Amino acid sequence: MSNPESPIPNPGSIAFIGGGNMARSLIGALRRGGTPAASITVAEPNEAVGRQLATDFGVSVFSDGIEAVNGAGTIMLSVKPQVMRSVCEHLAPALAGRHPLILSIAAGLRIDQIDRWLGGGYPVVRCMPNTPALIGAGASGLFANDAVSPAQRERAQAILAGSGLTVWIEREDLMDTVTGLSGSGPAYFLLMIEALEDAAVDQGLARETARALAIQTCLGAARLAAEDGEAPARLRERVTSPGGTTHAALQAFAAGGLRELVAVAVAAATERGREMAEELG
Ligand SMILES: NC(=O)C1=CN([C@@H]2O[C@H](COP(=O)(O)OP(=O)(O)OC[C@H]3O[C@@H](n4cnc5c(N)ncnc54)[C@H](O)[C@@H]3O)[C@@H](O)[C@H]2O)C=CC1
Ligand SMILES: O=C(O)[C@@H]1CCC=N1
């Protein structure tokens, strides 16, 4: 495991195929970490999106992937899962002679699918980042196939580490679990912030005040869990006076089956990743 404070070795020349939200976050992190703009190319068919990337990060943007991958040592596949097959099949002839390192951040898609669509025999690292990557507070799981060399593992990790925590996952099927946990996870905590805010507003607190308190409470709890060294359950006990207010709230959560509901939600996200992979062949 590495944390965001780890030094970021120069990851070399990298081509992003798809310059949307996640790619933008990862490119921003690479640039902030000192990767020169000249080492980054992007294929992005949406002109406005591409122009903004070029303006903000100084990177070269092409409308066609073939131009973007020319000479790149690492290819980051950052398109939606639904277009990944056609994107890979389009790139295959241009990559066949040199087999560069392939990274994919697509939810669900398995390494064997991506490798097959590219023509086979590629070193592929499947990665699952999340949106807090935008501010360097992301969390990524990574899994490499056997064709990935130790140096390529380091390179893959360096590319993701600029945007936050990186963790190597021991089995590829668990990457769907990572997707259901941390890939989709920012949405769960944001939903909790929304719900807390709404509950307090219903009781009469001003929305602005409720939002500020809810956000800071989420941030504070996360920082405590990250920095204190105690397990989250112990930290929760410290908040919970016997017969007090927190106890009353936690009892309400338990009566509503919160833990079970969270397990069902994570399982639904995990399963959806697997289904998407099946649907896309
Ligand atoms: N949004 C999230 O929270 C996370 C997303 N992911 C994965 O990241 C990938 C990208 O997701 P987002 O950035 O959210 O989507 P997005 O829709 O913002 O970005 C995808 C980009 O690909 C471009 N594109 C479409 N066809 C293309 C082609 N043929 N060649 C090059 N570019 C093309 C689109 O114009 C778009 O800008 C997905 O596979 C998703 O599963 C992974 C982790 C978290
Ligand atoms: O919802 C999705 O499919 C993507 C993958 C993880 C987060 N967003």
# chains A, B, ... in the order shown; residues from 1 in each chain; ligands from 1
$ residues_around --residues "Ser163 (chain A)" --least-positions-apart "3" --cutoff "10 Å" --atoms "only C-alpha atoms" --output "number ranges by chain"
A: 3-4, 25-30, 32-33, 129-140, 158-160, 166
$ closest_atom_pairs --of "chain A" --to "ligand 2" --cutoff "8 Å" --atoms "only C-alpha atoms and all ligand atoms" --output "Markdown table"
| residue | atom | partner | partner_atom_place_in_ligand_line | distance |
| --- | --- | --- | --- | --- |
| A:Ala106 | CA | ligand 2 | 5 (C) | 7.0 |
| A:Ala107 | CA | ligand 2 | 5 (C) | 4.9 |
| A:Met128 | CA | ligand 2 | 6 (C) | 7.4 |
| A:Pro129 | CA | ligand 2 | 6 (C) | 7.8 |
| A:Asn130 | CA | ligand 2 | 7 (C) | 6.4 |
| A:Thr131 | CA | ligand 2 | 7 (C) | 7.7 |
| A:Thr179 | CA | ligand 2 | 6 (C) | 5.6 |
| A:Gly180 | CA | ligand 2 | 6 (C) | 7.3 |
| A:Ser182 | CA | ligand 2 | 6 (C) | 7.9 |
| A:Gly183 | CA | ligand 2 | 6 (C) | 4.2 |
| A:Ser184 | CA | ligand 2 | 7 (C) | 4.1 |
| A:Gly185 | CA | ligand 2 | 7 (C) | 7.6 |
| A:Gly273 | CA | ligand 2 | 3 (O) | 7.4 |
$ select_by_dssp --residues "region 121-220 of chain A" --states "helix (DSSP H, G or I)" --output "count of residues only"
59
$ closest_atom_pairs --of "chain A" --to "ligand 1" --cutoff "8 Å" --atoms "only C-alpha atoms and all ligand atoms" --output "tab-separated table"
residue	atom	partner	partner_atom_place_in_ligand_line	distance
A:Ile17	CA	ligand 1	31 (C)	4.7
A:Gly18	CA	ligand 1	32 (N)	3.3
A:Gly19	CA	ligand 1	37 (O)	4.8
A:Gly20	CA	ligand 1	19 (O)	3.2
A:Asn21	CA	ligand 1	13 (O)	3.7
A:Met22	CA	ligand 1	13 (O)	3.8
A:Ala23	CA	ligand 1	13 (O)	5.7
A:Arg24	CA	ligand 1	13 (O)	7.5
A:Ala43	CA	ligand 1	31 (C)	4.9
A:Glu44	CA	ligand 1	32 (N)	4.3
A:Pro45	CA	ligand 1	35 (O)	5.4
A:Asn46	CA	ligand 1	35 (O)	4.8
A:Val49	CA	ligand 1	37 (O)	6.4
A:Gly50	CA	ligand 1	37 (O)	8.0
A:Ser63	CA	ligand 1	31 (C)	7.3
A:Asp64	CA	ligand 1	30 (N)	6.5
A:Gly65	CA	ligand 1	30 (N)	5.9
A:Leu77	CA	ligand 1	9 (C)	7.8
A:Ser78	CA	ligand 1	9 (C)	4.6
A:Val79	CA	ligand 1	22 (O)	4.1
A:Lys80	CA	ligand 1	39 (O)	3.6
A:Pro81	CA	ligand 1	39 (O)	4.6
A:Gln82	CA	ligand 1	39 (O)	7.9
A:Val83	CA	ligand 1	26 (N)	6.2
A:Met84	CA	ligand 1	39 (O)	7.7
A:Ser86	CA	ligand 1	29 (N)	7.2
A:Val87	CA	ligand 1	29 (N)	5.2
A:Ser104	CA	ligand 1	39 (O)	7.7
A:Ile105	CA	ligand 1	7 (C)	5.0
A:Ala106	CA	ligand 1	39 (O)	3.2
A:Ala107	CA	ligand 1	41 (O)	3.8
A:Gly108	CA	ligand 1	41 (O)	7.4
A:Cys127	CA	ligand 1	42 (C)	7.9
A:Met128	CA	ligand 1	43 (C)	5.2
A:Pro129	CA	ligand 1	43 (C)	4.7
A:Asn130	CA	ligand 1	44 (C)	4.2
A:Thr131	CA	ligand 1	3 (O)	4.9
A:Thr179	CA	ligand 1	43 (C)	7.2
A:Gly183	CA	ligand 1	44 (C)	4.9
A:Ser184	CA	ligand 1	3 (O)	6.1
A:Pro186	CA	ligand 1	3 (O)	7.8
$ write_last_selection --atoms "C-alpha atoms" --output "mmCIF file, in the first residue's frame"
data_model
loop_
_atom_site.group_PDB
_atom_site.id
_atom_site.type_symbol
_atom_site.label_atom_id
_atom_site.label_comp_id
_atom_site.auth_asym_id
_atom_site.auth_seq_id
_atom_site.Cartn_x
_atom_site.Cartn_y
_atom_site.Cartn_z
ATOM 1 C CA ILE A 17 -7.854 7.353 -24.409
ATOM 2 C CA GLY A 18 -10.880 9.328 -23.232
ATOM 3 C CA GLY A 19 -10.422 12.715 -21.576
ATOM 4 C CA GLY A 20 -13.545 12.807 -19.364
ATOM 5 C CA ASN A 21 -13.957 13.273 -15.621
ATOM 6 C CA MET A 22 -11.651 10.554 -14.334
ATOM 7 C CA ALA A 23 -8.955 11.175 -16.935
ATOM 8 C CA ARG A 24 -9.033 14.879 -16.110
ATOM 9 C CA ALA A 43 -7.560 11.175 -27.356
ATOM 10 C CA GLU A 44 -10.880 12.937 -26.851
ATOM 11 C CA PRO A 45 -13.556 13.259 -29.557
ATOM 12 C CA ASN A 46 -15.506 15.956 -27.672
ATOM 13 C CA VAL A 49 -13.586 18.746 -23.420
ATOM 14 C CA GLY A 50 -10.312 18.338 -25.306
ATOM 15 C CA SER A 63 -9.550 13.502 -31.816
ATOM 16 C CA ASP A 64 -8.317 10.035 -32.820
ATOM 17 C CA GLY A 65 -6.719 7.493 -30.492
ATOM 18 C CA LEU A 77 -7.941 3.405 -21.297
ATOM 19 C CA SER A 78 -10.337 5.896 -19.681
ATOM 20 C CA VAL A 79 -13.483 5.591 -21.774
ATOM 21 C CA LYS A 80 -16.849 4.227 -20.625
ATOM 22 C CA PRO A 81 -17.072 0.413 -20.535
ATOM 23 C CA GLN A 82 -19.720 0.458 -23.283
ATOM 24 C CA VAL A 83 -17.298 1.898 -25.883
ATOM 25 C CA MET A 84 -14.173 0.065 -24.704
ATOM 26 C CA SER A 86 -14.607 -0.571 -30.258
ATOM 27 C CA VAL A 87 -11.851 1.678 -28.842
ATOM 28 C CA SER A 104 -7.746 0.383 -17.748
ATOM 29 C CA ILE A 105 -9.970 2.193 -15.264
ATOM 30 C CA ALA A 106 -13.229 0.826 -16.711
ATOM 31 C CA ALA A 107 -15.660 -0.589 -14.158
ATOM 32 C CA GLY A 108 -16.322 -4.296 -14.547
ATOM 33 C CA CYS A 127 -7.231 0.000 -11.945
ATOM 34 C CA MET A 128 -10.210 1.315 -10.011
ATOM 35 C CA PRO A 129 -9.735 4.943 -8.907
ATOM 36 C CA ASN A 130 -12.432 7.273 -7.546
ATOM 37 C CA THR A 131 -13.467 10.894 -7.998
ATOM 38 C CA THR A 179 -15.525 -0.900 -7.410
ATOM 39 C CA GLY A 183 -14.978 3.248 -6.833
ATOM 40 C CA SER A 184 -18.643 4.033 -6.201
ATOM 41 C CA PRO A 186 -17.776 8.636 -2.747
#
$ closest_residue --among "A:Cys88, A:Ile40, A:Leu53, A:Leu235" --to "Gly71 (chain A)" --atoms "only C-alpha atoms"
A:Ile40
$ residues_around --residues "region 217-227 of chain A" --least-positions-apart "4" --cutoff "10 Å" --atoms "only C-alpha atoms" --output "VMD selection string"
chain A and resid 189 to 190 192 to 193 211 to 213 231 to 236
$ atom_distance --atom1 "CA of Thr74 (chain A)" --atom2 "CA of Gly119 (chain A)"
16.5 Å
$ closest_residue --among "A:Gly164, A:Gly141, A:Pro150, A:Gly73" --to "Leu181 (chain A)" --atoms "only C-alpha atoms"
A:Gly141
$ atom_distance --atom1 "CA of Val125 (chain A)" --atom2 "CA of Arg153 (chain A)"
7.8 Å
$ select_by_dssp --residues "region 89-257 of chain A" --states "strand (DSSP E or B)" --output "PyMOL selection string"
chain A and resi 101-104+124-128+138-144+164-168
$ atom_distance --atom1 "CA of Gly97 (chain A)" --atom2 "CA of Glu172 (chain A)"
27.0 Å
$ closest_residue --among "A:Gly257, A:Ala214, A:His99, A:Val262" --to "Ala199 (chain A)" --atoms "only C-alpha atoms"
A:Ala214
$ closest_residue --among "A:Leu142, A:Ala210, A:Ala195, A:Val239" --to "Gln157 (chain A)" --atoms "only C-alpha atoms"
A:Leu142
$ residues_around --residues "Glu67 (chain A)" --least-positions-apart "4" --cutoff "10 Å" --atoms "only C-alpha atoms" --output "VMD selection string"
chain A and resid 15 41 to 43 61 to 63 71 to 72 91 94
$ closest_residue --among "A:Pro242, A:Gly281, A:Gly58, A:Pro100" --to "Met76 (chain A)" --atoms "only C-alpha atoms"
A:Pro100
$ closest_residue --among "A:Phe143, A:Ala68, A:Arg31, A:Ala156" --to "Asp56 (chain A)" --atoms "only C-alpha atoms"
A:Arg31
